[in-house]
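This is run07.tsv (TSV, C-alpha atoms).
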chain	number	residue	atom	x	y	z
K	1	ARG	CA	0.25	-4.91	14.87
K	2	PHE	CA	-3.40	-4.65	13.89
K	3	ALA	CA	-3.05	-7.55	11.48
K	4	SER	CA	-1.25	-9.59	14.15
K	5	LEU	CA	-4.06	-8.95	16.63
K	6	LEU	CA	-6.68	-10.01	14.11
K	7	GLY	CA	-4.64	-13.11	13.33
K	8	CYS	CA	-4.62	-14.07	17.01
K	9	LEU	CA	-8.38	-13.61	17.20
K	10	TRP	CA	-8.82	-15.73	14.09
K	11	GLY	CA	-6.68	-18.48	15.63
K	12	ASN	CA	-8.96	-18.50	18.66
K	13	ILE	CA	-11.98	-19.06	16.39
K	14	ILE	CA	-10.58	-22.12	14.64
K	15	SER	CA	-9.18	-23.61	17.85
K	16	ASP	CA	-11.12	-25.34	20.59
K	17	ASN	CA	-13.55	-23.03	22.38
K	18	ARG	CA	-11.99	-23.57	25.81
K	19	PHE	CA	-13.51	-20.50	27.41
K	20	SER	CA	-17.05	-21.77	26.95
K	21	GLY	CA	-16.25	-25.31	27.97
K	22	GLU	CA	-16.92	-26.79	24.52
K	23	GLU	CA	-14.54	-29.55	23.47
K	24	ASP	CA	-15.20	-29.49	19.73
K	25	GLY	CA	-13.57	-26.86	17.57
K	26	LEU	CA	-15.74	-24.67	15.41
K	27	PHE	CA	-13.55	-25.28	12.38
K	28	THR	CA	-13.88	-28.89	11.26
K	29	ALA	CA	-12.07	-30.92	8.60
K	30	THR	CA	-14.97	-30.23	6.22
K	31	ASP	CA	-14.55	-26.51	6.78
K	32	TRP	CA	-10.88	-26.80	5.91
K	33	GLY	CA	-11.86	-28.50	2.68
K	34	TYR	CA	-14.30	-25.71	1.86
K	35	LEU	CA	-11.58	-23.20	2.71
K	36	PHE	CA	-9.19	-24.63	0.10
K	37	ILE	CA	-11.98	-24.75	-2.49
K	38	LEU	CA	-12.87	-21.13	-1.72
K	39	PHE	CA	-9.21	-20.14	-1.98
K	40	PHE	CA	-8.95	-21.73	-5.43
K	41	CYS	CA	-12.21	-20.10	-6.58
K	42	LEU	CA	-11.05	-16.66	-5.46
K	43	ILE	CA	-7.86	-17.01	-7.50
K	44	VAL	CA	-9.89	-18.01	-10.55
K	45	ILE	CA	-12.28	-15.09	-10.03
K	46	ARG	CA	-9.37	-12.66	-9.76
K	47	PHE	CA	-7.91	-13.98	-13.02
K	48	ILE	CA	-11.29	-13.50	-14.71
K	49	LEU	CA	-11.65	-9.93	-13.41
K	50	VAL	CA	-8.11	-8.87	-14.33
K	51	PHE	CA	-8.25	-10.27	-17.84
K	52	ALA	CA	-11.79	-8.98	-18.40
K	53	PHE	CA	-10.41	-5.46	-18.06
K	54	TYR	CA	-7.07	-6.24	-19.72
K	55	PRO	CA	-8.03	-4.53	-23.03
K	56	ILE	CA	-8.48	-1.32	-21.01
K	57	THR	CA	-5.48	-1.61	-18.67
K	58	ALA	CA	-3.22	-2.49	-21.63
K	59	ARG	CA	-3.94	0.94	-23.11
K	60	LEU	CA	-3.73	3.03	-19.93
K	61	GLY	CA	-0.53	4.90	-19.19
K	62	ILE	CA	2.50	2.81	-20.19
K	63	GLY	CA	0.24	-0.21	-20.59
K	64	THR	CA	0.07	-3.63	-18.98
K	65	SER	CA	1.54	-6.75	-20.52
K	66	ILE	CA	0.12	-10.27	-20.38
K	67	LYS	CA	2.81	-11.32	-17.92
K	68	GLU	CA	2.02	-8.40	-15.65
K	69	ALA	CA	-1.68	-9.25	-15.79
K	70	VAL	CA	-0.87	-12.83	-14.80
K	71	PHE	CA	1.10	-11.67	-11.78
K	72	MET	CA	-1.59	-9.16	-10.74
K	73	SER	CA	-4.11	-11.99	-10.86
K	74	TYR	CA	-1.97	-14.35	-8.84
K	75	GLY	CA	-0.45	-11.85	-6.42
K	76	GLY	CA	-3.68	-10.40	-5.08
K	77	LEU	CA	-3.00	-10.86	-1.38
K	78	ARG	CA	-5.90	-10.36	0.98
K	79	GLY	CA	-5.07	-8.70	4.26
K	80	ALA	CA	-6.71	-7.75	7.51
K	81	VAL	CA	-9.73	-5.93	6.05
K	82	GLY	CA	-11.71	-9.11	5.43
K	83	ILE	CA	-10.89	-10.40	8.91
K	84	ALA	CA	-11.93	-7.09	10.46
K	85	LEU	CA	-15.30	-7.13	8.66
K	86	ALA	CA	-15.93	-10.76	9.62
K	87	LEU	CA	-14.96	-9.97	13.22
K	88	THR	CA	-17.43	-7.09	13.28
K	89	LEU	CA	-20.21	-9.33	11.97
K	90	ASN	CA	-19.31	-12.04	14.47
K	91	ALA	CA	-19.36	-9.59	17.39
K	92	THR	CA	-22.68	-8.10	16.22
K	93	ILE	CA	-24.35	-11.52	16.06
K	94	TYR	CA	-23.08	-12.42	19.52
K	95	ASP	CA	-24.44	-9.14	20.86
K	96	GLN	CA	-27.84	-9.59	19.20
K	97	THR	CA	-28.23	-13.16	20.47
K	98	ASP	CA	-27.06	-12.47	24.00
K	99	GLY	CA	-30.05	-13.41	26.13
K	100	SER	CA	-31.87	-16.30	27.74
K	101	ASP	CA	-35.34	-15.78	26.32
K	102	GLU	CA	-36.77	-18.05	23.64
K	103	ALA	CA	-36.30	-15.48	20.84
K	104	HIS	CA	-32.59	-15.27	21.48
K	105	LEU	CA	-32.19	-19.03	21.80
K	106	GLU	CA	-33.86	-19.51	18.43
K	107	TYR	CA	-31.22	-17.43	16.64
K	108	ILE	CA	-28.19	-18.48	18.71
K	109	LYS	CA	-27.35	-21.03	16.03
K	110	PHE	CA	-26.15	-18.14	13.86
K	111	ARG	CA	-23.18	-17.73	16.17
K	112	ASP	CA	-21.52	-20.78	14.71
K	113	ASP	CA	-22.23	-19.56	11.18
K	114	THR	CA	-20.62	-16.16	11.72
K	115	ALA	CA	-17.71	-17.74	13.59
K	116	ARG	CA	-17.19	-20.09	10.65
K	117	LEU	CA	-17.31	-17.13	8.26
K	118	PHE	CA	-14.72	-15.42	10.40
K	119	GLY	CA	-12.57	-18.53	10.15
K	120	MET	CA	-12.94	-18.60	6.37
K	121	SER	CA	-11.86	-14.95	6.07
K	122	GLY	CA	-8.79	-15.51	8.21
K	123	GLY	CA	-8.01	-18.74	6.40
K	124	ILE	CA	-8.04	-17.02	3.02
K	125	SER	CA	-5.65	-14.39	4.37
K	126	LEU	CA	-3.39	-17.10	5.79
K	127	LEU	CA	-3.34	-19.12	2.57
K	128	THR	CA	-2.57	-16.09	0.41
K	129	LEU	CA	0.40	-15.29	2.64
K	130	LEU	CA	1.67	-18.87	2.74
K	131	VAL	CA	0.99	-19.78	-0.89
K	132	ASN	CA	0.84	-16.61	-2.99
K	133	GLY	CA	3.27	-14.64	-0.86
K	134	VAL	CA	5.95	-17.34	-0.75
K	135	THR	CA	5.72	-18.17	-4.46
K	136	ALA	CA	5.39	-14.56	-5.72
K	137	GLY	CA	9.17	-14.10	-6.01
K	138	PRO	CA	9.80	-17.26	-8.07
K	139	LEU	CA	6.80	-16.40	-10.27
K	140	LEU	CA	8.21	-12.92	-10.94
K	141	ARG	CA	11.55	-14.41	-11.99
K	142	TRP	CA	9.84	-17.05	-14.16
K	143	LEU	CA	7.78	-14.38	-15.91
K	144	GLY	CA	10.85	-12.23	-16.45
K	145	LEU	CA	9.47	-9.24	-14.57
K	146	VAL	CA	12.37	-8.78	-12.15
K	147	THR	CA	14.42	-6.61	-14.49
K	148	PRO	CA	12.71	-3.22	-15.00
K	149	LYS	CA	11.74	-2.38	-18.54
K	150	ILE	CA	13.00	0.71	-20.35
K	151	ALA	CA	9.61	2.40	-20.12
K	152	ARG	CA	9.48	1.93	-16.37
K	153	MET	CA	13.00	3.24	-15.98
K	154	LYS	CA	11.94	6.35	-17.87
K	155	VAL	CA	8.95	6.75	-15.56
K	156	ILE	CA	11.20	6.48	-12.51
K	157	GLU	CA	13.68	8.95	-13.98
K	158	ASN	CA	10.92	11.42	-14.78
K	159	TYR	CA	9.53	11.04	-11.25
K	160	LYS	CA	12.95	11.79	-9.76
K	161	HIS	CA	13.30	14.83	-12.01
K	162	GLN	CA	9.90	16.17	-10.92
K	163	MET	CA	10.70	15.47	-7.27
K	164	VAL	CA	13.96	17.42	-7.47
K	165	GLN	CA	12.23	20.27	-9.31
K	166	ASN	CA	9.45	20.54	-6.71
K	167	ALA	CA	11.96	20.40	-3.87
K	168	LEU	CA	14.02	23.14	-5.49
K	169	LEU	CA	11.00	25.39	-6.02
K	170	SER	CA	9.96	24.93	-2.39
K	171	TYR	CA	13.51	25.75	-1.30
K	172	ILE	CA	13.51	28.97	-3.34
K	173	GLU	CA	10.18	30.01	-1.83
K	174	LEU	CA	11.54	29.43	1.68
K	175	LEU	CA	14.55	31.62	0.92
K	176	SER	CA	12.19	34.55	0.41
K	177	GLN	CA	11.09	34.33	4.05
K	178	GLU	CA	12.88	36.38	6.69
K	179	ARG	CA	13.45	33.44	9.06
K	180	PHE	CA	15.48	31.55	6.43
K	181	LYS	CA	17.63	34.44	5.21
K	182	ASP	CA	20.76	33.11	6.93
K	183	LEU	CA	20.25	29.45	5.99
K	184	ASP	CA	23.46	28.13	4.47
K	185	TYR	CA	23.33	25.88	1.39
K	186	SER	CA	25.73	23.39	3.01
K	187	VAL	CA	23.01	22.50	5.51
K	188	ILE	CA	20.57	21.90	2.68
K	189	ARG	CA	22.99	19.68	0.78
K	190	GLU	CA	23.63	17.63	3.90
K	191	HIS	CA	19.99	16.98	4.77
K	192	VAL	CA	18.29	17.12	1.33
K	193	PRO	CA	20.16	14.74	-1.00
K	194	PHE	CA	17.98	15.71	-3.98
K	195	LEU	CA	19.43	19.23	-4.00
K	196	ARG	CA	23.12	18.30	-3.83
K	197	ASP	CA	23.84	18.16	-7.55
K	198	ILE	CA	21.75	20.99	-8.97
K	199	SER	CA	23.46	23.37	-11.38
K	200	ARG	CA	23.55	27.16	-11.25
K	201	ASP	CA	21.46	27.39	-14.41
K	202	ARG	CA	18.79	25.18	-12.91
K	203	LEU	CA	18.84	27.22	-9.72
K	204	MET	CA	18.34	30.50	-11.55
K	205	ALA	CA	15.61	28.96	-13.72
K	206	ALA	CA	13.79	27.94	-10.55
K	207	VAL	CA	14.18	31.46	-9.15
K	208	ARG	CA	12.66	32.96	-12.30
K	209	ARG	CA	9.80	30.48	-12.22
K	210	VAL	CA	8.98	31.29	-8.61
K	211	GLN	CA	9.06	35.01	-9.32
K	212	ASP	CA	6.82	34.57	-12.37
K	213	THR	CA	4.24	32.36	-10.67
K	214	LYS	CA	4.37	33.72	-7.11
K	215	HIS	CA	4.03	37.46	-7.53
K	216	SER	CA	3.37	37.97	-3.82
K	217	VAL	CA	6.66	36.30	-2.89
K	218	THR	CA	9.57	38.63	-2.20
K	219	ALA	CA	12.88	38.11	-3.96
K	220	PRO	CA	14.69	35.08	-2.52
K	221	ARG	CA	17.92	35.71	-0.66
K	222	LEU	CA	20.70	33.89	-2.51
K	223	ASP	CA	23.68	35.25	-0.57
K	224	HIS	CA	24.34	31.92	1.14
K	225	ILE	CA	23.82	29.72	-1.89
K	226	LEU	CA	25.38	31.40	-4.94
K	227	PRO	CA	29.00	31.16	-3.68
K	228	TYR	CA	28.74	27.36	-3.87
K	229	PHE	CA	28.20	27.56	-7.64
K	230	TYR	CA	31.38	29.50	-8.40
K	231	GLU	CA	34.64	27.78	-8.89
Show me the file's structure as structure tokens.
Amino acid sequence: RFASLLGCLWGNIISDNRFSGEEDGLFTATDWGYLFILFFCLIVIRFILVFAFYPITARLGIGTSIKEAVFMSYGGLRGAVGIALALTLNATIYDQTDGSDEAHLEYIKFRDDTARLFGMSGGISLLTLLVNGVTAGPLLRWLGLVTPKIARMKVIENYKHQMVQNALLSYIELLSQERFKDLDYSVIREHVPFLRDISRDRLMAAVRRVQDTKHSVTAPRLDHILPYFYE
């Protein structure tokens, strides 16, 4: 919603200024030309920045491949932040030049400059959505990045394992509280999918871990959970 509001404000800048009675739009054909040049330059700059740090990012974590660096360079969409900053500057200039004395009239020309800057910021956001956003999917398929690699699948699997482990430990800690003593495991399995397929050995290992690390925690009540692990 915030981005939509800023987009509407940006559209008012590049359209005719009907509220002030001016017939000419602030954004001319020359400005559109500069906008496309700026858009191209920003893509080039992003490629330079990404590949300048590629020797470092290629060695961090599971590493970054050349194809991934290419997509990161191309897929750098610019959102509402730039429009918001340009809008703030535009509003500040209008406030500072709001007056009829000679000092204010001398600097009123800066209104058009900040309005044009606002238009450039919104235009870059628009072009990245229309150009980069629309072509990002085909570029991913062309680079062969749609199918997850084995390393990334391992990362996802490890994340799921840690998520289940943390959820189980939190569940065991809650069972040591008086208000959860009658909580049935069937309710947990229905509302917490991560804890549906845990084994009895994993459950007891989690209980021992909680008791070893949380000495102040009372023994968890397992009366309503252990029967589900017996055949």
Kindly extract all protein, DNA and RNA residues lying within 12 Å of the coordinates (-11.4, -22.4, 0.3) given in the file, considering all atoms listed in the file, and supply them as a list in words. Ala29, Thr30, Asp31, Trp32, Gly33, Tyr34, Leu35, Phe36, Ile37, Leu38, Phe39, Phe40, Cys41, Leu42, Ile43, Val44, Leu117, Gly119, Met120, Ser121, Gly122, Gly123, Ile124, Ser125, Leu126, Leu127 and Thr128 of chain K
What would the file look like if the residues just selected were written as a short mmCIF file (atom, residue, chain, number, x, y, z; two decimals), in the coordinates of the input with C-alpha atoms?
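Done, and the output landed in selection_7.cif:
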data_model
loop_
_atom_site.label_atom_id
_atom_site.label_comp_id
_atom_site.auth_asym_id
_atom_site.auth_seq_id
_atom_site.Cartn_x
_atom_site.Cartn_y
_atom_site.Cartn_z
CA ALA K 29 -12.07 -30.92 8.60
CA THR K 30 -14.97 -30.23 6.22
CA ASP K 31 -14.55 -26.51 6.78
CA TRP K 32 -10.88 -26.80 5.91
CA GLY K 33 -11.86 -28.50 2.68
CA TYR K 34 -14.30 -25.71 1.86
CA LEU K 35 -11.58 -23.20 2.71
CA PHE K 36 -9.19 -24.63 0.10
CA ILE K 37 -11.98 -24.75 -2.49
CA LEU K 38 -12.87 -21.13 -1.72
CA PHE K 39 -9.21 -20.14 -1.98
CA PHE K 40 -8.95 -21.73 -5.43
CA CYS K 41 -12.21 -20.10 -6.58
CA LEU K 42 -11.05 -16.66 -5.46
CA ILE K 43 -7.86 -17.01 -7.50
CA VAL K 44 -9.89 -18.01 -10.55
CA LEU K 117 -17.31 -17.13 8.26
CA GLY K 119 -12.57 -18.53 10.15
CA MET K 120 -12.94 -18.60 6.37
CA SER K 121 -11.86 -14.95 6.07
CA GLY K 122 -8.79 -15.51 8.21
CA GLY K 123 -8.01 -18.74 6.40
CA ILE K 124 -8.04 -17.02 3.02
CA SER K 125 -5.65 -14.39 4.37
CA LEU K 126 -3.39 -17.10 5.79
CA LEU K 127 -3.34 -19.12 2.57
CA THR K 128 -2.57 -16.09 0.41
#
Could you jot down the atom CA of K:Ile45 to atom CA of K:Arg152 separation for me, Å, one decimal place?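 So the two atoms, atom CA of K:Ile45 and atom CA of K:Arg152, lie 28.3 Å apart.
If you look at atom CA of K:Asn90 and atom CA of K:Thr28, they are 18.0 Å away from each other.
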Nearest candidate to K:Asp223 (options K:Ile198, K:Phe180, K:Asn158, K:His191; using all atoms listed in the file):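 Checking each of K:Ile198, K:Phe180, K:Asn158, K:His191 against K:Asp223, counting all atoms listed in the file, the winner is K:Phe180.
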K:Leu195, K:Ile66, K:Val164, K:Leu60: which is nearest K:Phe47, counting only C-alpha atoms? K:Ile66
In Å and to one decimal, atom CA of K:Glu178 is distant from atom CA of K:His161 by 28.5 Å
Taking (14.8, 33.6, 6.9) as a centre in this file's frame and 12 Å as the limit, can you find every polymer residue with an atom that close, using all atoms listed in the file, and give them as a list in words?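 So the residues meeting the distance criterion are Tyr171, Ile172, Glu173, Leu174, Leu175, Ser176, Gln177, Glu178, Arg179, Phe180, Lys181, Asp182, Leu183, Asp184, Thr218, Ala219, Pro220, Arg221, Leu222, Asp223 and His224 of chain K.
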Output of stretch 129-143 of chain K limited to all heavy atoms, as a PDB file, in the first residue's frame:
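Full text of decode.pdb as output:
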ATOM      1  N   LEU K 129      10.817  -2.648 -12.391  1.00  0.00           N
ATOM      2  CA  LEU K 129       9.682  -3.560 -12.290  1.00  0.00           C
ATOM      3  C   LEU K 129       9.249  -4.059 -13.663  1.00  0.00           C
ATOM      4  O   LEU K 129       8.961  -5.243 -13.847  1.00  0.00           O
ATOM      5  CB  LEU K 129       8.515  -2.874 -11.585  1.00  0.00           C
ATOM      6  CG  LEU K 129       8.679  -2.598 -10.090  1.00  0.00           C
ATOM      7  CD1 LEU K 129       7.499  -1.806  -9.560  1.00  0.00           C
ATOM      8  CD2 LEU K 129       8.827  -3.898  -9.324  1.00  0.00           C
ATOM      9  N   LEU K 130       9.221  -3.165 -14.648  1.00  0.00           N
ATOM     10  CA  LEU K 130       8.751  -3.533 -15.976  1.00  0.00           C
ATOM     11  C   LEU K 130       9.790  -4.316 -16.770  1.00  0.00           C
ATOM     12  O   LEU K 130       9.434  -5.201 -17.555  1.00  0.00           O
ATOM     13  CB  LEU K 130       8.344  -2.274 -16.756  1.00  0.00           C
ATOM     14  CG  LEU K 130       7.142  -1.494 -16.222  1.00  0.00           C
ATOM     15  CD1 LEU K 130       6.856  -0.286 -17.097  1.00  0.00           C
ATOM     16  CD2 LEU K 130       5.908  -2.387 -16.138  1.00  0.00           C
ATOM     17  N   VAL K 131      11.058  -3.970 -16.607  1.00  0.00           N
ATOM     18  CA  VAL K 131      12.115  -4.614 -17.388  1.00  0.00           C
ATOM     19  C   VAL K 131      12.745  -5.765 -16.601  1.00  0.00           C
ATOM     20  O   VAL K 131      12.644  -6.932 -16.983  1.00  0.00           O
ATOM     21  CB  VAL K 131      13.188  -3.585 -17.807  1.00  0.00           C
ATOM     22  CG1 VAL K 131      14.304  -4.268 -18.584  1.00  0.00           C
ATOM     23  CG2 VAL K 131      12.561  -2.474 -18.645  1.00  0.00           C
ATOM     24  N   ASN K 132      13.384  -5.441 -15.478  1.00  0.00           N
ATOM     25  CA  ASN K 132      14.075  -6.479 -14.709  1.00  0.00           C
ATOM     26  C   ASN K 132      13.092  -7.492 -14.124  1.00  0.00           C
ATOM     27  O   ASN K 132      13.342  -8.697 -14.146  1.00  0.00           O
ATOM     28  CB  ASN K 132      14.896  -5.859 -13.581  1.00  0.00           C
ATOM     29  CG  ASN K 132      15.914  -4.870 -14.094  1.00  0.00           C
ATOM     30  OD1 ASN K 132      15.545  -3.849 -14.669  1.00  0.00           O
ATOM     31  ND2 ASN K 132      17.195  -5.128 -13.899  1.00  0.00           N
ATOM     32  N   GLY K 133      11.987  -6.975 -13.571  1.00  0.00           N
ATOM     33  CA  GLY K 133      11.039  -7.880 -12.938  1.00  0.00           C
ATOM     34  C   GLY K 133      10.404  -8.853 -13.909  1.00  0.00           C
ATOM     35  O   GLY K 133      10.258 -10.039 -13.617  1.00  0.00           O
ATOM     36  N   VAL K 134      10.028  -8.364 -15.094  1.00  0.00           N
ATOM     37  CA  VAL K 134       9.365  -9.225 -16.079  1.00  0.00           C
ATOM     38  C   VAL K 134      10.333 -10.245 -16.674  1.00  0.00           C
ATOM     39  O   VAL K 134       9.968 -11.396 -16.943  1.00  0.00           O
ATOM     40  CB  VAL K 134       8.734  -8.355 -17.192  1.00  0.00           C
ATOM     41  CG1 VAL K 134       8.194  -9.223 -18.313  1.00  0.00           C
ATOM     42  CG2 VAL K 134       7.624  -7.488 -16.611  1.00  0.00           C
ATOM     43  N   THR K 135      11.570  -9.843 -16.879  1.00  0.00           N
ATOM     44  CA  THR K 135      12.546 -10.733 -17.525  1.00  0.00           C
ATOM     45  C   THR K 135      13.362 -11.559 -16.536  1.00  0.00           C
ATOM     46  O   THR K 135      14.215 -12.345 -16.956  1.00  0.00           O
ATOM     47  CB  THR K 135      13.516  -9.902 -18.387  1.00  0.00           C
ATOM     48  OG1 THR K 135      14.174  -8.919 -17.561  1.00  0.00           O
ATOM     49  CG2 THR K 135      12.761  -9.190 -19.494  1.00  0.00           C
ATOM     50  N   ALA K 136      13.133 -11.398 -15.225  1.00  0.00           N
ATOM     51  CA  ALA K 136      13.917 -12.142 -14.231  1.00  0.00           C
ATOM     52  C   ALA K 136      13.673 -13.645 -14.336  1.00  0.00           C
ATOM     53  O   ALA K 136      14.610 -14.444 -14.245  1.00  0.00           O
ATOM     54  CB  ALA K 136      13.589 -11.644 -12.821  1.00  0.00           C
ATOM     55  N   GLY K 137      12.415 -14.048 -14.533  1.00  0.00           N
ATOM     56  CA  GLY K 137      12.097 -15.468 -14.645  1.00  0.00           C
ATOM     57  C   GLY K 137      12.785 -16.135 -15.829  1.00  0.00           C
ATOM     58  O   GLY K 137      13.460 -17.164 -15.664  1.00  0.00           O
ATOM     59  N   PRO K 138      12.625 -15.580 -17.045  1.00  0.00           N
ATOM     60  CA  PRO K 138      13.338 -16.167 -18.193  1.00  0.00           C
ATOM     61  C   PRO K 138      14.854 -16.191 -18.012  1.00  0.00           C
ATOM     62  O   PRO K 138      15.514 -17.139 -18.448  1.00  0.00           O
ATOM     63  CB  PRO K 138      12.924 -15.251 -19.352  1.00  0.00           C
ATOM     64  CG  PRO K 138      11.598 -14.701 -18.945  1.00  0.00           C
ATOM     65  CD  PRO K 138      11.689 -14.534 -17.466  1.00  0.00           C
ATOM     66  N   LEU K 139      15.410 -15.157 -17.378  1.00  0.00           N
ATOM     67  CA  LEU K 139      16.858 -15.129 -17.153  1.00  0.00           C
ATOM     68  C   LEU K 139      17.274 -16.250 -16.203  1.00  0.00           C
ATOM     69  O   LEU K 139      18.312 -16.898 -16.408  1.00  0.00           O
ATOM     70  CB  LEU K 139      17.271 -13.772 -16.587  1.00  0.00           C
ATOM     71  CG  LEU K 139      18.766 -13.611 -16.261  1.00  0.00           C
ATOM     72  CD1 LEU K 139      19.603 -13.777 -17.524  1.00  0.00           C
ATOM     73  CD2 LEU K 139      19.041 -12.259 -15.607  1.00  0.00           C
ATOM     74  N   LEU K 140      16.482 -16.493 -15.151  1.00  0.00           N
ATOM     75  CA  LEU K 140      16.786 -17.593 -14.233  1.00  0.00           C
ATOM     76  C   LEU K 140      16.800 -18.938 -14.960  1.00  0.00           C
ATOM     77  O   LEU K 140      17.690 -19.769 -14.739  1.00  0.00           O
ATOM     78  CB  LEU K 140      15.756 -17.625 -13.104  1.00  0.00           C
ATOM     79  CG  LEU K 140      16.006 -16.734 -11.887  1.00  0.00           C
ATOM     80  CD1 LEU K 140      14.830 -16.816 -10.938  1.00  0.00           C
ATOM     81  CD2 LEU K 140      17.279 -17.122 -11.176  1.00  0.00           C
ATOM     82  N   ARG K 141      15.809 -19.148 -15.839  1.00  0.00           N
ATOM     83  CA  ARG K 141      15.756 -20.410 -16.578  1.00  0.00           C
ATOM     84  C   ARG K 141      16.916 -20.519 -17.558  1.00  0.00           C
ATOM     85  O   ARG K 141      17.490 -21.604 -17.741  1.00  0.00           O
ATOM     86  CB  ARG K 141      14.417 -20.526 -17.304  1.00  0.00           C
ATOM     87  CG  ARG K 141      13.235 -20.763 -16.362  1.00  0.00           C
ATOM     88  CD  ARG K 141      11.968 -21.066 -17.132  1.00  0.00           C
ATOM     89  NE  ARG K 141      11.484 -19.879 -17.834  1.00  0.00           N
ATOM     90  CZ  ARG K 141      10.643 -18.998 -17.315  1.00  0.00           C
ATOM     91  NH1 ARG K 141      10.199 -19.161 -16.067  1.00  0.00           N
ATOM     92  NH2 ARG K 141      10.233 -17.963 -18.016  1.00  0.00           N
ATOM     93  N   TRP K 142      17.284 -19.401 -18.182  1.00  0.00           N
ATOM     94  CA  TRP K 142      18.393 -19.421 -19.147  1.00  0.00           C
ATOM     95  C   TRP K 142      19.717 -19.701 -18.455  1.00  0.00           C
ATOM     96  O   TRP K 142      20.592 -20.378 -18.996  1.00  0.00           O
ATOM     97  CB  TRP K 142      18.447 -18.093 -19.883  1.00  0.00           C
ATOM     98  CG  TRP K 142      19.504 -18.048 -20.941  1.00  0.00           C
ATOM     99  CD1 TRP K 142      19.481 -18.655 -22.169  1.00  0.00           C
ATOM    100  CD2 TRP K 142      20.763 -17.354 -20.861  1.00  0.00           C
ATOM    101  NE1 TRP K 142      20.638 -18.391 -22.855  1.00  0.00           N
ATOM    102  CE2 TRP K 142      21.449 -17.596 -22.084  1.00  0.00           C
ATOM    103  CE3 TRP K 142      21.368 -16.561 -19.893  1.00  0.00           C
ATOM    104  CZ2 TRP K 142      22.709 -17.057 -22.339  1.00  0.00           C
ATOM    105  CZ3 TRP K 142      22.618 -16.028 -20.150  1.00  0.00           C
ATOM    106  CH2 TRP K 142      23.270 -16.278 -21.353  1.00  0.00           C
ATOM    107  N   LEU K 143      19.880 -19.195 -17.239  1.00  0.00           N
ATOM    108  CA  LEU K 143      21.104 -19.422 -16.482  1.00  0.00           C
ATOM    109  C   LEU K 143      21.128 -20.788 -15.802  1.00  0.00           C
ATOM    110  O   LEU K 143      22.165 -21.203 -15.281  1.00  0.00           O
ATOM    111  CB  LEU K 143      21.280 -18.329 -15.412  1.00  0.00           C
ATOM    112  CG  LEU K 143      21.564 -16.917 -15.926  1.00  0.00           C
ATOM    113  CD1 LEU K 143      21.552 -15.917 -14.769  1.00  0.00           C
ATOM    114  CD2 LEU K 143      22.896 -16.857 -16.661  1.00  0.00           C
TER     115      LEU K 143
END
